[in-house]
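S.K.: File entry_9.cif below, mmCIF, C-alpha atoms and all ligand atoms:
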data_my_file
loop_
_atom_site.label_atom_id
_atom_site.label_comp_id
_atom_site.auth_asym_id
_atom_site.auth_seq_id
_atom_site.Cartn_x
_atom_site.Cartn_y
_atom_site.Cartn_z
CA MET K 142 14.84 -1.70 -29.22
CA SER K 143 12.92 0.93 -27.26
CA ASP K 144 10.50 -0.45 -24.71
CA GLN K 145 7.71 2.14 -24.38
CA LYS K 146 5.68 1.59 -21.20
CA LYS K 147 2.30 3.17 -20.59
CA ILE K 148 1.96 4.46 -17.04
CA LEU K 149 -1.24 5.99 -15.76
CA LEU K 150 -0.71 8.47 -12.92
CA LEU K 151 -3.61 8.97 -10.52
CA PRO K 152 -2.42 11.73 -8.16
CA GLY K 153 -5.71 11.98 -6.23
CA ASP K 154 -6.13 14.33 -3.27
CA GLY K 155 -4.20 16.04 -0.49
CA ILE K 156 -0.50 15.13 -0.62
CA GLY K 157 -1.24 12.63 -3.44
CA PRO K 158 -0.34 15.05 -6.27
CA GLU K 159 2.79 16.19 -4.39
CA VAL K 160 4.24 12.71 -3.93
CA VAL K 161 3.21 11.39 -7.36
CA ALA K 162 4.93 14.34 -9.08
CA GLU K 163 8.14 13.43 -7.28
CA ALA K 164 7.91 9.73 -8.14
CA ARG K 165 7.40 10.77 -11.76
CA ARG K 166 10.64 12.76 -11.62
CA VAL K 167 12.48 9.67 -10.48
CA LEU K 168 10.93 7.54 -13.24
CA GLU K 169 11.79 10.21 -15.81
CA ALA K 170 15.38 10.17 -14.66
CA LEU K 171 15.54 6.44 -15.51
CA GLN K 172 14.37 6.96 -19.06
CA GLY K 173 16.61 6.46 -22.01
CA GLY K 174 18.19 3.61 -23.90
CA ASP K 175 15.81 0.67 -23.86
CA PHE K 176 13.44 2.21 -21.28
CA ASN K 177 10.84 4.81 -22.13
CA ILE K 178 7.61 5.78 -20.47
CA GLU K 179 4.49 7.32 -21.90
CA PHE K 180 2.73 9.02 -18.97
CA SER K 181 -0.95 9.83 -18.86
CA GLU K 182 -3.00 11.20 -15.99
CA GLY K 183 -6.45 10.46 -14.63
CA LEU K 184 -8.78 11.59 -11.88
CA ILE K 185 -9.74 9.51 -8.86
CA GLY K 186 -11.13 10.40 -5.45
CA GLY K 187 -12.30 13.78 -4.29
CA CYS K 188 -10.84 15.65 -7.28
CA ALA K 189 -12.88 13.37 -9.56
CA VAL K 190 -16.02 14.03 -7.52
CA ASP K 191 -15.44 17.76 -7.92
CA ALA K 192 -14.84 17.52 -11.67
CA HIS K 193 -17.26 14.76 -12.71
CA GLY K 194 -19.54 13.99 -9.76
CA THR K 195 -18.07 10.50 -9.28
CA PRO K 196 -14.95 9.25 -7.46
CA LEU K 197 -14.08 6.90 -10.34
CA PRO K 198 -14.98 8.26 -13.77
CA ASP K 199 -15.33 5.65 -16.54
CA ALA K 200 -12.54 7.40 -18.43
CA THR K 201 -10.13 6.72 -15.54
CA LEU K 202 -11.02 3.05 -15.48
CA GLU K 203 -10.58 2.77 -19.25
CA LYS K 204 -7.17 4.41 -19.05
CA ALA K 205 -6.20 2.08 -16.20
CA ARG K 206 -7.17 -0.98 -18.22
CA ALA K 207 -5.11 0.23 -21.16
CA ALA K 208 -2.02 1.02 -19.08
CA ASP K 209 0.89 -1.29 -18.30
CA ALA K 210 0.64 -0.07 -14.71
CA VAL K 211 -1.01 2.55 -12.53
CA LEU K 212 0.78 4.74 -9.99
CA MET K 213 -1.55 6.35 -7.49
CA GLY K 214 -1.15 8.96 -4.75
CA ALA K 215 -3.95 8.97 -2.21
CA VAL K 216 -7.61 9.88 -2.02
CA GLY K 217 -9.90 11.50 0.51
CA GLY K 218 -10.08 14.44 2.83
CA PRO K 219 -12.44 16.34 5.13
CA LYS K 220 -14.03 18.18 2.19
CA TRP K 221 -15.71 14.96 1.02
CA ASP K 222 -16.29 13.18 4.36
CA THR K 223 -19.96 14.09 4.53
CA LEU K 224 -20.91 12.93 1.03
CA ASP K 225 -23.15 9.92 0.51
CA ARG K 226 -21.09 6.73 0.67
CA PRO K 227 -21.11 5.94 -3.09
CA LEU K 228 -19.65 9.39 -3.75
CA ARG K 229 -16.87 9.19 -1.20
CA PRO K 230 -13.32 9.36 -2.57
CA GLU K 231 -12.42 6.08 -0.84
CA ARG K 232 -15.17 4.33 -2.83
CA GLY K 233 -13.33 5.27 -6.02
CA LEU K 234 -10.26 3.44 -4.78
CA LEU K 235 -12.27 0.39 -3.75
CA ARG K 236 -13.99 0.35 -7.12
CA ILE K 237 -10.79 0.46 -9.16
CA ARG K 238 -9.30 -2.32 -7.00
CA ALA K 239 -12.39 -4.47 -7.61
CA ALA K 240 -12.77 -3.60 -11.30
CA LEU K 241 -9.17 -4.59 -12.05
CA ASP K 242 -9.42 -7.62 -9.71
CA LEU K 243 -6.36 -6.46 -7.77
CA TYR K 244 -6.77 -9.04 -5.04
CA ALA K 245 -3.13 -9.37 -3.95
CA ASN K 246 -1.90 -6.38 -2.00
CA LEU K 247 1.80 -6.57 -1.16
CA ARG K 248 2.98 -4.30 1.61
CA PRO K 249 6.67 -4.79 2.34
CA VAL K 250 7.59 -3.67 5.83
CA LEU K 251 11.26 -2.97 5.45
CA CYS K 252 13.23 -1.01 7.97
CA PHE K 253 16.23 0.67 6.38
CA ASP K 254 19.10 0.35 8.89
CA GLU K 255 19.63 4.09 8.58
CA LEU K 256 16.13 4.66 9.98
CA ALA K 257 16.24 2.26 12.90
CA GLU K 258 16.61 5.27 15.18
CA ALA K 259 13.57 6.99 13.60
CA SER K 260 11.17 4.29 14.77
CA THR K 261 9.28 4.87 17.96
CA LEU K 262 10.42 1.37 18.92
CA LYS K 263 13.89 0.56 20.21
CA PRO K 264 16.38 0.34 17.30
CA GLU K 265 17.38 -3.22 18.20
CA ILE K 266 13.75 -4.32 17.74
CA VAL K 267 13.36 -2.92 14.21
CA ARG K 268 16.88 -3.08 12.76
CA GLY K 269 17.00 -5.43 9.77
CA LEU K 270 13.24 -5.81 9.74
CA ASP K 271 11.93 -7.35 6.51
CA ILE K 272 8.31 -8.54 6.55
CA LEU K 273 5.97 -8.94 3.60
CA ILE K 274 2.31 -8.35 4.42
CA VAL K 275 0.10 -10.01 1.82
CA ARG K 276 -3.31 -8.44 2.25
CA GLU K 277 -6.43 -9.73 0.49
CA LEU K 278 -7.79 -6.63 -1.25
CA THR K 279 -11.02 -7.30 -3.11
CA GLY K 280 -13.16 -9.18 -0.58
CA GLY K 281 -14.06 -9.40 3.07
CA ILE K 282 -15.96 -6.81 5.04
CA TYR K 283 -14.98 -4.04 2.61
CA PHE K 284 -17.25 -5.55 -0.04
CA GLY K 285 -19.58 -8.02 1.75
CA GLU K 286 -23.35 -7.76 1.49
CA PRO K 287 -25.61 -6.94 3.21
CA ARG K 288 -24.29 -3.54 4.19
CA GLY K 289 -25.85 -0.24 5.12
CA VAL K 290 -27.74 1.51 7.88
CA VAL K 291 -31.32 0.37 8.49
CA GLU K 292 -34.10 1.36 10.87
CA GLU K 293 -34.82 -1.31 13.43
CA GLY K 294 -36.90 -1.00 16.59
CA GLY K 295 -36.91 2.78 16.47
CA GLN K 296 -33.18 3.19 16.06
CA ARG K 297 -30.58 2.96 13.31
CA VAL K 298 -28.49 -0.17 12.94
CA GLY K 299 -25.24 -0.25 10.98
CA ILE K 300 -24.44 -3.43 9.07
CA ASN K 301 -21.32 -4.73 7.34
CA THR K 302 -20.60 -8.31 6.44
CA GLU K 303 -17.33 -10.22 6.49
CA ARG K 304 -17.58 -12.69 3.63
CA TYR K 305 -14.96 -14.87 1.98
CA SER K 306 -15.30 -17.73 -0.48
CA GLU K 307 -12.81 -20.59 -0.49
CA SER K 308 -11.52 -19.55 -3.90
CA GLU K 309 -10.83 -16.00 -2.71
CA ILE K 310 -8.90 -17.33 0.29
CA GLU K 311 -7.08 -19.92 -1.77
CA ARG K 312 -5.73 -17.49 -4.34
CA ILE K 313 -4.37 -15.03 -1.78
CA CYS K 314 -2.79 -17.85 0.25
CA ARG K 315 -1.15 -19.16 -2.92
CA SER K 316 0.27 -15.69 -3.56
CA ALA K 317 1.65 -15.62 -0.02
CA PHE K 318 3.36 -19.01 -0.42
CA GLU K 319 4.79 -18.04 -3.81
CA TYR K 320 6.37 -14.92 -2.29
CA ALA K 321 7.53 -16.91 0.75
CA ARG K 322 9.42 -19.22 -1.63
CA VAL K 323 11.69 -16.39 -2.67
CA ARG K 324 12.10 -15.26 0.93
CA ASP K 325 12.47 -17.22 4.20
CA ARG K 326 9.68 -19.73 3.38
CA ARG K 327 7.61 -18.92 6.45
CA VAL K 328 3.97 -17.87 6.17
CA CYS K 329 1.95 -16.71 9.16
CA SER K 330 -1.77 -16.56 8.44
CA VAL K 331 -3.55 -14.02 10.62
CA ASP K 332 -7.21 -14.47 11.44
CA LYS K 333 -9.81 -14.43 14.20
CA ALA K 334 -10.78 -18.10 13.94
CA ASN K 335 -11.62 -18.30 17.65
CA VAL K 336 -14.65 -16.10 16.98
CA LEU K 337 -15.43 -15.79 13.26
CA GLU K 338 -16.67 -18.56 10.96
CA SER K 339 -15.17 -16.79 7.95
CA SER K 340 -11.81 -16.92 9.73
CA GLN K 341 -12.20 -20.64 10.40
CA LEU K 342 -12.71 -21.17 6.69
CA TRP K 343 -9.67 -18.97 6.08
CA ARG K 344 -7.56 -21.10 8.43
CA ASP K 345 -8.77 -24.41 6.97
CA THR K 346 -8.13 -23.18 3.45
CA ALA K 347 -4.66 -21.92 4.34
CA GLU K 348 -3.89 -25.40 5.74
CA ARG K 349 -5.09 -27.05 2.52
CA VAL K 350 -3.06 -24.71 0.30
CA ALA K 351 0.01 -25.27 2.49
CA ARG K 352 0.06 -28.94 1.46
CA ASP K 353 1.10 -27.77 -2.03
CA TYR K 354 4.05 -25.93 -0.49
CA PRO K 355 5.82 -28.54 1.67
CA ASP K 356 9.01 -26.48 1.44
CA CYS K 357 7.31 -23.64 3.37
CA ALA K 358 6.19 -23.50 7.00
CA LEU K 359 2.68 -22.29 7.81
CA SER K 360 1.69 -20.93 11.21
CA HIS K 361 -1.51 -19.24 12.40
CA MET K 362 -2.01 -16.31 14.70
CA TYR K 363 -5.06 -14.49 16.00
CA VAL K 364 -5.12 -10.91 14.85
CA ASP K 365 -5.12 -9.38 18.33
CA ASN K 366 -1.98 -11.32 19.21
CA ALA K 367 -0.46 -10.48 15.82
CA ALA K 368 -0.92 -6.76 16.50
CA MET K 369 0.87 -7.21 19.81
CA GLN K 370 3.63 -9.43 18.37
CA LEU K 371 4.33 -6.92 15.60
CA VAL K 372 5.21 -4.38 18.25
CA ARG K 373 6.84 -6.83 20.70
CA GLY K 374 9.06 -8.78 18.32
CA PRO K 375 8.43 -8.03 14.63
CA GLY K 376 11.61 -9.89 13.62
CA GLN K 377 9.78 -13.20 14.11
CA PHE K 378 7.72 -12.70 10.92
CA ASP K 379 8.57 -13.41 7.29
CA VAL K 380 5.32 -13.37 5.26
CA LEU K 381 2.00 -12.42 6.86
CA VAL K 382 -1.16 -13.27 4.93
CA THR K 383 -4.46 -11.86 6.06
CA SER K 384 -7.86 -10.46 5.17
CA ASN K 385 -8.66 -7.04 3.79
CA LEU K 386 -9.53 -5.34 7.09
CA PHE K 387 -6.89 -7.02 9.26
CA GLY K 388 -4.27 -6.27 6.59
CA ASP K 389 -5.26 -2.61 6.51
CA ILE K 390 -4.73 -2.28 10.24
CA LEU K 391 -1.61 -4.43 10.57
CA SER K 392 0.12 -2.61 7.72
CA ASP K 393 -0.25 0.75 9.47
CA ILE K 394 1.40 -0.82 12.52
CA GLY K 395 4.08 -2.17 10.19
CA ALA K 396 4.56 1.29 8.72
CA GLN K 397 5.41 2.79 12.05
CA LEU K 398 7.96 0.03 12.69
CA THR K 399 9.88 1.30 9.65
CA GLY K 400 10.04 4.82 11.06
CA SER K 401 7.10 6.46 9.31
CA ILE K 402 4.05 5.73 7.25
CA GLY K 403 5.74 7.95 4.69
CA MET K 404 8.13 5.05 3.98
CA LEU K 405 5.75 2.18 3.16
CA PRO K 406 5.02 1.31 -0.49
CA SER K 407 2.50 -1.14 -1.87
CA ALA K 408 1.61 -3.12 -4.96
CA SER K 409 -1.89 -4.37 -5.76
CA LEU K 410 -1.80 -7.11 -8.37
CA ASN K 411 -4.20 -9.23 -10.38
CA ARG K 412 -3.68 -12.62 -11.97
CA GLN K 413 -2.36 -11.06 -15.17
CA GLY K 414 0.37 -9.22 -13.25
CA GLN K 415 -1.31 -5.90 -13.93
CA GLY K 416 -0.82 -3.63 -10.98
CA LEU K 417 -1.76 -0.50 -9.15
CA TYR K 418 1.02 0.94 -7.01
CA GLU K 419 0.45 3.36 -4.17
CA PRO K 420 1.93 4.42 -0.85
CA VAL K 421 0.20 2.87 2.16
CA HIS K 422 -0.44 6.30 3.63
CA GLY K 423 -3.44 8.52 2.93
CA SER K 424 -3.91 12.06 1.67
CA ALA K 425 -2.56 13.56 4.95
CA PRO K 426 -4.78 16.67 4.94
CA ASP K 427 -2.85 18.03 7.94
CA ILE K 428 0.30 18.57 5.85
CA ALA K 429 -1.13 18.85 2.32
CA GLY K 430 0.12 21.72 0.16
CA GLN K 431 3.04 22.49 2.46
CA GLY K 432 5.85 20.53 0.78
CA LYS K 433 6.27 18.47 3.95
CA ALA K 434 5.20 15.03 2.70
CA ASN K 435 7.75 12.26 2.51
CA PRO K 436 7.76 11.10 -1.13
CA LEU K 437 9.77 7.92 -0.45
CA ALA K 438 6.75 5.61 -0.03
CA THR K 439 5.57 6.63 -3.50
CA ILE K 440 9.06 6.45 -4.99
CA LEU K 441 9.45 2.96 -3.51
CA SER K 442 5.99 2.09 -4.92
CA ALA K 443 7.31 3.15 -8.33
CA ALA K 444 10.23 0.78 -7.74
CA MET K 445 7.77 -2.04 -7.05
CA MET K 446 5.99 -1.10 -10.29
CA LEU K 447 9.27 -1.41 -12.20
CA ARG K 448 9.85 -4.84 -10.68
CA TYR K 449 6.39 -6.41 -10.77
CA SER K 450 4.61 -4.87 -13.78
CA LEU K 451 7.36 -3.58 -16.05
CA GLY K 452 9.84 -6.43 -15.81
CA ARG K 453 12.62 -4.04 -14.82
CA GLY K 454 13.95 -5.41 -11.55
CA ASP K 455 17.29 -3.86 -12.51
CA LEU K 456 15.79 -0.35 -12.45
CA ALA K 457 13.88 -1.12 -9.25
CA ASP K 458 17.18 -2.10 -7.63
CA ARG K 459 18.68 1.21 -8.75
CA VAL K 460 15.84 3.23 -7.21
CA GLU K 461 15.95 1.31 -3.94
CA ALA K 462 19.73 1.67 -3.75
CA ALA K 463 19.37 5.43 -4.35
CA VAL K 464 16.85 5.71 -1.51
CA LYS K 465 19.21 3.83 0.75
CA ARG K 466 22.10 6.12 -0.21
CA VAL K 467 20.03 9.23 0.49
CA LEU K 468 19.07 7.92 3.92
CA ALA K 469 22.67 6.92 4.63
CA ASN K 470 23.68 10.49 3.82
CA GLY K 471 21.39 11.62 6.62
CA LEU K 472 18.78 13.28 4.39
CA ARG K 473 15.37 13.38 6.07
CA THR K 474 11.88 14.73 5.61
CA GLY K 475 10.14 15.92 8.77
CA ASP K 476 8.44 12.59 9.55
CA ILE K 477 11.76 10.71 9.81
CA ALA K 478 14.00 13.49 11.11
CA GLY K 479 15.38 13.28 14.60
CA PRO K 480 15.55 16.26 16.95
CA GLY K 481 17.84 18.95 15.54
CA GLU K 482 18.21 17.22 12.16
CA ALA K 483 17.82 19.29 8.98
CA VAL K 484 14.46 18.74 7.28
CA LEU K 485 14.11 18.44 3.51
CA SER K 486 11.01 19.37 1.53
CA THR K 487 9.16 16.82 -0.60
CA ALA K 488 10.85 18.09 -3.75
CA GLN K 489 14.32 18.25 -2.18
CA MET K 490 14.01 14.63 -1.09
CA SER K 491 13.14 13.36 -4.56
CA ALA K 492 15.86 15.54 -6.10
CA ALA K 493 18.29 13.84 -3.72
CA VAL K 494 17.06 10.42 -4.86
CA VAL K 495 17.49 11.41 -8.52
CA ALA K 496 21.00 12.66 -7.77
CA ALA K 497 21.81 9.37 -6.01
CA LEU K 498 20.73 7.16 -8.95
CA HIS K 499 23.72 5.35 -10.41
N1 LIG H 1 -4.81 4.74 -0.13
C1 LIG H 1 -5.40 5.87 0.14
O1 LIG H 1 -5.75 6.64 -0.73
C2 LIG H 1 -5.66 6.22 1.57
C3 LIG H 1 -5.04 5.52 2.62
C4 LIG H 1 -5.31 5.91 3.94
C5 LIG H 1 -6.17 6.97 4.19
N2 LIG H 1 -6.75 7.61 3.14
C6 LIG H 1 -7.59 8.80 3.34
O2 LIG H 1 -6.72 9.88 3.67
C7 LIG H 1 -7.41 10.80 4.53
C8 LIG H 1 -6.58 11.04 5.79
O3 LIG H 1 -6.50 9.83 6.54
P1 LIG H 1 -5.62 9.63 7.85
O4 LIG H 1 -5.28 10.97 8.41
O5 LIG H 1 -6.28 8.63 8.67
O6 LIG H 1 -4.26 8.90 7.33
P2 LIG H 1 -3.00 9.50 6.59
O7 LIG H 1 -2.13 8.35 6.24
O8 LIG H 1 -3.39 10.40 5.48
O9 LIG H 1 -2.25 10.39 7.71
C9 LIG H 1 -1.93 9.89 9.00
C10 LIG H 1 -0.76 10.70 9.59
O10 LIG H 1 0.44 10.36 8.86
C11 LIG H 1 1.02 11.51 8.28
N3 LIG H 1 1.51 11.15 6.94
C12 LIG H 1 0.86 10.40 6.03
N4 LIG H 1 1.58 10.32 4.91
C13 LIG H 1 2.72 11.01 5.12
C14 LIG H 1 3.86 11.29 4.32
N5 LIG H 1 4.00 10.82 3.07
N6 LIG H 1 4.82 12.06 4.86
C15 LIG H 1 4.73 12.53 6.11
N7 LIG H 1 3.66 12.31 6.92
C16 LIG H 1 2.67 11.54 6.41
C17 LIG H 1 -0.10 12.55 8.19
O11 LIG H 1 0.42 13.85 8.16
C18 LIG H 1 -0.95 12.21 9.41
O12 LIG H 1 -0.42 12.86 10.54
C19 LIG H 1 -8.77 10.16 4.81
O13 LIG H 1 -9.68 10.75 3.93
C20 LIG H 1 -8.56 8.71 4.46
O14 LIG H 1 -9.74 8.04 4.06
C21 LIG H 1 -6.51 7.28 1.85
C1 LIG H 2 -8.62 4.67 1.91
C2 LIG H 2 -8.96 3.25 2.25
C3 LIG H 2 -10.09 2.78 1.39
C4 LIG H 2 -7.75 2.32 2.12
C5 LIG H 2 -8.13 0.93 2.64
O1 LIG H 2 -8.71 0.80 3.71
O2 LIG H 2 -7.82 -0.04 1.94
C6 LIG H 2 -6.47 2.73 2.83
O3 LIG H 2 -6.62 2.80 4.21
C7 LIG H 2 -5.36 1.79 2.48
O4 LIG H 2 -4.71 1.27 3.39
O5 LIG H 2 -5.10 1.60 1.28
MG MG H 3 -5.03 1.84 5.30
#
In structure tokens, write the structure found in this file.
Ligand SMILES: NC(=O)c1ccc[n+]([C@@H]2O[C@H](COP(=O)([O-])OP(=O)(O)OC[C@H]3O[C@@H](n4cnc5c(N)ncnc54)[C@H](O)[C@@H]3O)[C@@H](O)[C@H]2O)c1
Ligand SMILES: CC(C)[C@H](C(=O)O)[C@@H](O)C(=O)O
Ligand SMILES: [Mg+2]

M.R.:
Amino acid sequence: MSDQKKILLLPGDGIGPEVVAEARRVLEALQGGDFNIEFSEGLIGGCAVDAHGTPLPDATLEKARAADAVLMGAVGGPKWDTLDRPLRPERGLLRIRAALDLYANLRPVLCFDELAEASTLKPEIVRGLDILIVRELTGGIYFGEPRGVVEEGGQRVGINTERYSESEIERICRSAFEYARVRDRRVCSVDKANVLESSQLWRDTAERVARDYPDCALSHMYVDNAAMQLVRGPGQFDVLVTSNLFGDILSDIGAQLTGSIGMLPSASLNRQGQGLYEPVHGSAPDIAGQGKANPLATILSAAMMLRYSLGRGDLADRVEAAVKRVLANGLRTGDIAGPGEAVLSTAQMSAAVVAALH
């Protein structure tokens, strides 16, 4: 029986359309037999502002709700950086995350052995690295009220609010423990409980949730130390669970451990298992339109989509194995190429992945 899956593509801005087109090619190559995809496209970010005056048109949200999964590129760029906040491309991304209640953001920090030399860290520090960052995605300072810039005492004051309810913390901690159970059963909760009340609540709640997972070990770390430990000895971590802002920052550090931000995929999931999949990187305006972007983070995001939203772990395994083969064959885009190594274009890299699919 044919299993027709509805995938909404949201290419976005900058290198977004370039990398999403390549991930689509890989997905298309998997089609056939019991696996078929119906693709549709939508606008988000700066391109949506240009076309409809809003970074998240209602039509895009409706399509996302109707889809089995969403595959996104990236949003933003200098062209839209001076717009009023509600019109900024990034707001479109935050709104779709909130509207679909995509609170669990999984960012696997996996260093392919073949790329250990591409990291700016010593190969022995990053070889075999396999961390899962579980970032809370719909709360915290990204969404807390009050926010804004107000006049006070003859000057402007900028305000943002870190805010977490127990239930928000509990559900993301539960996600972290559930994923830890199929990994090394170690969760490190990252916070700033020595300074922030919201972090103290986070820590207390993590402790309470941990009682339901006696087979897993919970530890706590302050975020400043965690940033340092990620660079000093990243192999010590299994699952990291943390707030929206801390997770944003720590995952970019994680990305560089793997060789390049062009390698790091992500999945943003809600309770129903619906998901939005996107590379961790942004729209990279400095290389947009030049065929230089590494498409592997988006291709690996598509693999996560196959596994988590489409129930096709078998196809996800095939994509990941193909990526590994391509890297083992020494194929590199500019961001992961060593001195003197041949550099592939975005399209050549995805063609190599397609050719390596078994
Ligand atoms: N999820 C998203 O849509 C997302 C994420 C981060 C940043 N952004 C937005 O993207 C814009 C640029 O932000 P930034 O420059 O801070 O971060 P960025 O991730 O876009 O780029 C940082 C650096 O990494 C490089 N890079 C990123 N992706 C790459 C890839 N696939 N292959 C090779 N090199 C890659 C870029 O060339 C740049 O030098 C901003 O408007 C920002 O708000 C969007
Ligand atoms: C573009 C921005 C809103 C986004 C975030 O901060 O969540 C990005 O940096 C990310 O990591 O997905
Ligand atoms: Mg980020």

S.K.: Could you check the closest approach to ligand LIG 2 (chain H) for each of K:Leu342, K:Val216, K:Ala469, K:Ile266 and tell me which residue wins, using only C-alpha atoms and all ligand atoms?

M.R.: K:Val216

S.K.: Closest to ligand LIG 1 (chain H) among K:Gly285, K:Pro230, K:Gly376, K:Pro196, using all atoms listed in the file?

M.R.: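 Using all atoms listed in the file, the shortest distance to ligand LIG 1 (chain H) belongs to K:Pro230.
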
S.K.: Could you pull the residues within 9 Å of stretch 485-496 of chain K, counting all atoms listed in the file, minus those fewer than 6 positions along the same chain, as JSON, numbers by chain?

M.R.: {"K": [159, 160, 162, 163, 164, 166, 167, 168, 170, 171, 431, 432, 433, 434, 435, 436, 437, 440, 460, 463, 464, 465, 466, 467, 472, 473, 474, 475]}

S.K.: Can you tell me which residues sit at most 6 Å away from ligand LIG 1 (chain H), counting all atoms listed in the file, written as a list in words?

M.R.: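 After applying the 6 Å limit, what remains is Ala215, Val216, Gly217, Gly218, Glu231, Ile402, Gly403, Val421, His422, Gly423, Ser424, Ala425, Pro426, Asp427, Ile428, Ala434, Asn435, Pro436 and Asp476 of chain K.
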
S.K.: Taking only residues of chain K that have an atom at most 10 Å from an atom of ligand LIG 2 (chain H), what is each one's shortest atom pair and its distance in Å to one decimal, using only C-alpha atoms and all ligand atoms, in chain and number order, as JSON lines?

M.R.:
{"residue": "K:Gly186", "atom": "CA", "partner": "H:LIG2", "partner_atom": "C1", "distance": 9.7}
{"residue": "K:Ala215", "atom": "CA", "partner": "H:LIG2", "partner_atom": "C1", "distance": 7.6}
{"residue": "K:Val216", "atom": "CA", "partner": "H:LIG2", "partner_atom": "C1", "distance": 6.6}
{"residue": "K:Gly217", "atom": "CA", "partner": "H:LIG2", "partner_atom": "C1", "distance": 7.1}
{"residue": "K:Gly218", "atom": "CA", "partner": "H:LIG2", "partner_atom": "C1", "distance": 9.9}
{"residue": "K:Arg229", "atom": "CA", "partner": "H:LIG2", "partner_atom": "C3", "distance": 9.7}
{"residue": "K:Pro230", "atom": "CA", "partner": "H:LIG2", "partner_atom": "C1", "distance": 8.0}
{"residue": "K:Glu231", "atom": "CA", "partner": "H:LIG2", "partner_atom": "C3", "distance": 4.6}
{"residue": "K:Arg232", "atom": "CA", "partner": "H:LIG2", "partner_atom": "C3", "distance": 6.8}
{"residue": "K:Gly233", "atom": "CA", "partner": "H:LIG2", "partner_atom": "C3", "distance": 8.5}
{"residue": "K:Leu234", "atom": "CA", "partner": "H:LIG2", "partner_atom": "C3", "distance": 6.2}
{"residue": "K:Leu235", "atom": "CA", "partner": "H:LIG2", "partner_atom": "C3", "distance": 6.1}
{"residue": "K:Arg236", "atom": "CA", "partner": "H:LIG2", "partner_atom": "C3", "distance": 9.7}
{"residue": "K:Arg238", "atom": "CA", "partner": "H:LIG2", "partner_atom": "O2", "distance": 9.3}
{"residue": "K:Asn246", "atom": "CA", "partner": "H:LIG2", "partner_atom": "O5", "distance": 9.2}
{"residue": "K:Arg248", "atom": "CA", "partner": "H:LIG2", "partner_atom": "O4", "distance": 9.7}
{"residue": "K:Arg276", "atom": "CA", "partner": "H:LIG2", "partner_atom": "O2", "distance": 9.5}
{"residue": "K:Glu277", "atom": "CA", "partner": "H:LIG2", "partner_atom": "O2", "distance": 9.9}
{"residue": "K:Leu278", "atom": "CA", "partner": "H:LIG2", "partner_atom": "O2", "distance": 7.3}
{"residue": "K:Thr279", "atom": "CA", "partner": "H:LIG2", "partner_atom": "O2", "distance": 9.4}
{"residue": "K:Tyr283", "atom": "CA", "partner": "H:LIG2", "partner_atom": "O1", "distance": 8.0}
{"residue": "K:Asn385", "atom": "CA", "partner": "H:LIG2", "partner_atom": "O2", "distance": 7.3}
{"residue": "K:Leu386", "atom": "CA", "partner": "H:LIG2", "partner_atom": "O1", "distance": 7.1}
{"residue": "K:Phe387", "atom": "CA", "partner": "H:LIG2", "partner_atom": "O1", "distance": 9.8}
{"residue": "K:Gly388", "atom": "CA", "partner": "H:LIG2", "partner_atom": "O4", "distance": 8.2}
{"residue": "K:Asp389", "atom": "CA", "partner": "H:LIG2", "partner_atom": "O4", "distance": 5.0}
{"residue": "K:Ile390", "atom": "CA", "partner": "H:LIG2", "partner_atom": "O4", "distance": 7.7}
{"residue": "K:Leu391", "atom": "CA", "partner": "H:LIG2", "partner_atom": "O4", "distance": 9.7}
{"residue": "K:Ser392", "atom": "CA", "partner": "H:LIG2", "partner_atom": "O4", "distance": 7.6}
{"residue": "K:Asp393", "atom": "CA", "partner": "H:LIG2", "partner_atom": "O4", "distance": 7.6}
{"residue": "K:Ser407", "atom": "CA", "partner": "H:LIG2", "partner_atom": "O5", "distance": 8.7}
{"residue": "K:Ser409", "atom": "CA", "partner": "H:LIG2", "partner_atom": "O5", "distance": 9.8}
{"residue": "K:Glu419", "atom": "CA", "partner": "H:LIG2", "partner_atom": "O5", "distance": 8.0}
{"residue": "K:Pro420", "atom": "CA", "partner": "H:LIG2", "partner_atom": "O5", "distance": 7.9}
{"residue": "K:Val421", "atom": "CA", "partner": "H:LIG2", "partner_atom": "O4", "distance": 5.3}
{"residue": "K:His422", "atom": "CA", "partner": "H:LIG2", "partner_atom": "O4", "distance": 6.6}
{"residue": "K:Gly423", "atom": "CA", "partner": "H:LIG2", "partner_atom": "C1", "distance": 6.5}
{"residue": "K:Ser424", "atom": "CA", "partner": "H:LIG2", "partner_atom": "C1", "distance": 8.8}

S.K.: List the spatial neighbours of K:Asp356 as a list in words - criterion: any atom at most 12 Å away, only C-alpha atoms, same-chain residues fewer than 6 positions off excluded.

M.R.: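 The neighbour list is Phe318, Glu319, Ala321, Arg322, Val323, Arg324, Asp325, Arg326, Arg327 and Val328 of chain K.
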
S.K.: Please, could you write that set of residues out with C-alpha atoms as an mmCIF file, keeping the file's coordinate frame?

M.R.:
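Written output follows (selection.cif):
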data_model
loop_
_atom_site.group_PDB
_atom_site.id
_atom_site.type_symbol
_atom_site.label_atom_id
_atom_site.label_comp_id
_atom_site.auth_asym_id
_atom_site.auth_seq_id
_atom_site.Cartn_x
_atom_site.Cartn_y
_atom_site.Cartn_z
ATOM 1 C CA PHE K 318 3.360 -19.010 -0.420
ATOM 2 C CA GLU K 319 4.790 -18.040 -3.810
ATOM 3 C CA ALA K 321 7.530 -16.910 0.750
ATOM 4 C CA ARG K 322 9.420 -19.220 -1.630
ATOM 5 C CA VAL K 323 11.690 -16.390 -2.670
ATOM 6 C CA ARG K 324 12.100 -15.260 0.930
ATOM 7 C CA ASP K 325 12.470 -17.220 4.200
ATOM 8 C CA ARG K 326 9.680 -19.730 3.380
ATOM 9 C CA ARG K 327 7.610 -18.920 6.450
ATOM 10 C CA VAL K 328 3.970 -17.870 6.170
#
